[in-house]
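Here's the structure, in structure tokens; my notes come after.
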Amino acid sequence: PKEIGKGDILSVYDVNSLHDIQVAVSLLDFPDSKKELIHERPENPNRPVFTSEHVTDKIQLTDLKGNYHFLKVDTRITDTGGRKVSFVSPFWIINKTELKLNCRYTAITSTDGPIVEVAPRGNQLKEEMAHAEAITDGFPVLFSVPEGKLDIRSSKMIARTEHTKWSKSFSIDSTGTNGVVVLPHEDGKHVVELGVALHLARGEYRLTKMIEFHPRFMVFNECSHVILAKQSGSEEVFRLEPGQGRPFYKFINNGTPKQLSINLDNKACVWSGPFSLEQLDDFAVKILEEPNKTAFLIRTVVTQKDATVVIKFSKQPEEIPPYLIENDTDIPFKFCQKKPKNGAVMVQTLEARKKAVYTWDLPSEPHILEVQMGNYKEEFKLDAIESYDPIKMNGKLIYIYTHAQAASKIFCMTENKSKLLDETTSAESEEKAKQATEIVKFDFKVRIKALGLSIIDSDPKELLYVWAEDLRVSFSESNLTQNAEIILNTFQVDNQMITTPFPVLLSQTDEESHPFAHFSVVKSMENLTLDYFTYFALRVQEITVAVDDTFIQECIKFGKNLPLAPFTHKNLGPPIPHYGMTITSTCLEEGCKSYPAGTYFFTYCLYPGKMAPITRFNAREPFSSITFTNLKPMEGYTKFFFMSKDDEKYYRIDTLYYESGKNNDVLQRYTTSLPEYDESAQFYPFDGNRETIEDTAAVNARQMFFKVFELNPIALNATFMISSNDNKYTDSPLRIVQHLLGTTLGNLDNAPLRLNALIMEDAFLKQDELVARMISHYKRQAFTEIYVVLGSADFLGNPVGLFNNVGTGVKDFFFEPAQGLVKSPQAFGLGLAKGSVSLAKHTTYGLFNTVSKITGTAGKGLAALSLDDDYVRRRQKDAIKEKPQHIGEGLMYGAKGLGVGLFDGVTGLVTQPVKGAQKEGIFGFAKGIGKGIIGVGLKPVVGVTDLVTKTTEGIRNTTTIFDKDKTRRRPPRFIKAKPWTKMAEAKVKAEEELRKISNLNLVIVRPAIVYGP
């Protein structure tokens, strides 16, 4: 027996490919399996067998308890003609929780499988949550479904823990997705929630699906004091020591939102208001200490990592309050959060000429501030940046406005009009906008009438042709705003493969709708501490995408052959930790102005010159010294610190050496005085990656504000066809998809995917929060559209398409006459006619489209049962070429299909045994007789289905015969390979082989004219 380590490759030379090859496998606690055939002896030694129905694609392992596990056997032909046989576990289960799990597969068509125990991995939980690259460093638990159940109906799992019941079944098919599994607690009052992440393993294990169980919620205390936490409505409290992180599993099962309240380990403090655990955000939570009502602010950051929601508590920086309430008048006023129906808020009084740090008493309630000054009482949205109408108090005008400074939102009431004009941008103050004079600094406009891009592979043949028409790009910058706009009128991507069923890959659904895409953004330049966007919008018209698996496989091959070596580089020096330094600035001398306020860039390097990630620092005041914190000591190395004003030229400012054998932890914080800036200094040439990381203060400080943010609805009509059975694609990732779904279940017909718009007003957030919100929005929308994809499958007859077509016809039948009725009697009659035609047209199209899809799927399935690969391939080619445009062509092509089915069925009784005998001798002759007998019964039935399919397709397409079909922008180019290049290569190889023959007098005659590239 030979032993193969995990992820290893074993080269085997002592086998004879002219004989049958069988293999038995033993793994972990599973003894040797029975022998399975992985290579079949060829009848003709000169015609090796690469595929055979006798070669296994799975091996069953059975342990001493009778539990079984299946390994997939993946066989591929290598580029050198060898055979690579991989033994793959279909699934891995990895438990990243502190709970002991039991898992089992569940199926509709059979009883549930054996229970698989998955041990907890709690000791490594915190470290893995802190490092995104950590996957697993222990044994995963192997998992599979039973023989014959590896299909879309049975790839489901249920789970439980020691004190819970079994969960509802959940799918383990959709890799790349995250979900939540709810386990009912045995007490009946609580539930346990776990996160589940499904993705493909990496590297050598890429054919295995990983099922990772994570804590649904992880809570970390990064404060210097103990924090207590409990679910809203529960009295069960858990304790978080400083620096401690722990999972949160158990929730009250009453249907209420998952909210958390926190407190300090101090009897004088009261619990904070509840906040949501499921809304990703960065905010401050207020904890009050009795009896003085002293407020402690805890910064709370809710993010998501894989299937886990991570909640981090830290001290809110005093220099960056979440909200600041400022009274710049001589009149005190009261303020509080708007009182909800349930819950209490604290009313505060702000004396004249004072400021108060503020955050919400109830973070999960609307963020509205109530202000009362004398008889004046009003509500304000602090998250919006606005200027409000002034009020008159005691004979004075009081101006009210909100603005942003760094990451703080400031509400101000002032008697000073100039302060209003200074602290608000032109977008909020119309009066200031009138007074300001816009000076255009830069104005750029370009218009491209048409642009075409052709993608050609190495064969060479043309794969894609990308066409863009009427592209307009404009950008302008003034002292007040930046404006950018991109308008693309027409866009189309053509599939240039000759035999494709879909010549147009991507296009506008409605060609009359223009423009295809429109992007516009307006940014204010007057707020240096805030990225203020007055308007941000993107609109894309409805898109139709049609693709087949052969084209995708060609694109994968094209990507593998791309020469990417010039884009890679070799890093120098020891590895640099991926982190950003935290930087603060100080002024050592009074009135010092060595370096003015602004943006600077800092980094360091280790000999011989690999640059660390760059830290961007925003200085709000002049400074002359810098303090670095969060420095990671690297024993035995010297750090050279560098500074830049433009992120291009860096000059050295200091050197720090970490001695070997000594405790260098004290050097995690380091202060240095900066030298005078010297423009003529020698700047350092860096090697390696250059990566910018915001320092902690900058991340907290730099915010974006969107007055209006609009991502318009996305409408996509997707068509997909699995048609290829070609052996040249045996190494394609789509091969397993085709194996699982077949050519009948994987086809989609015009699946309408609709994602709702994302619209925000007065949105105040950071870049990562914006990205997270967009991902969350579209991911949630996409999951709700899964039923549309399933309902558009060919094997179901595309019921979604039927419903949409009939619905459109019925809508037009009532809408068109009603629209004409409000104009005139003549318009009513015309509308009635148009509505009736639309109803008949769409109903006929939808009905006969459904019939053709069902019969077409049945025909494909029956043809596959005939076991005649040549017959199946011929039908696929005919299906691509013969697309009836009207009922006449439908009857003609249908009659032809019926005739072919009858002819092949009858003649197959003779031709199939002859073909089998030619390929495999007596054994092939016997198989041919069986195929002939099967074919004589099946192929005529397939012919009947072809008749019905083509006829109904013709009737369907008759309803759209006058509609304009989408066509390629230009025909595919025929690219002729250079014959002399291949001929020269062949001649060189032939000469080399001839020269190896001893005693051969080789004379090479070359022509006088030599053709070359």
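Quick note on naming: the chains in the structure tokens go A, B, ... in the order shown, residues restart at 1 in each chain, and ligands are numbered from 1 in order of appearance.
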
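Within the 6 Å cut-off around region 248-261 of chain A, using only C-alpha atoms and omitting residues fewer than 3 positions from it on the same chain, the listed residues are Lys189, His190, Val191, Val192, Glu193, Phe217, Met218, Ala229, Lys230, Gln231, Ser232, Ser272, Gly273, Pro274, Phe275, Ser276 and Leu277 of chain A.
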
- Quick one: everything within 9 Å of region 5-11 of chain A, counting only C-alpha atoms, minus sequence neighbours fewer than 2 positions away in the same chain. Send it as number ranges by chain. A: 2-3, 13, 86, 203-205

- Query: Leaving out Asp187 (chain A) and any residue of its chain fewer than 5 positions from it, which residues lie within 10 Å of it when counting only C-alpha atoms, given as a list in words?
  - Reply: His163, Thr164 and Lys165 of chain A

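Ranking A:Lys966, A:Phe380, A:Pro317, A:Ile583 by their shortest atom-to-atom distance to Asp510 (chain A), with only C-alpha atoms included, puts A:Lys966 first.
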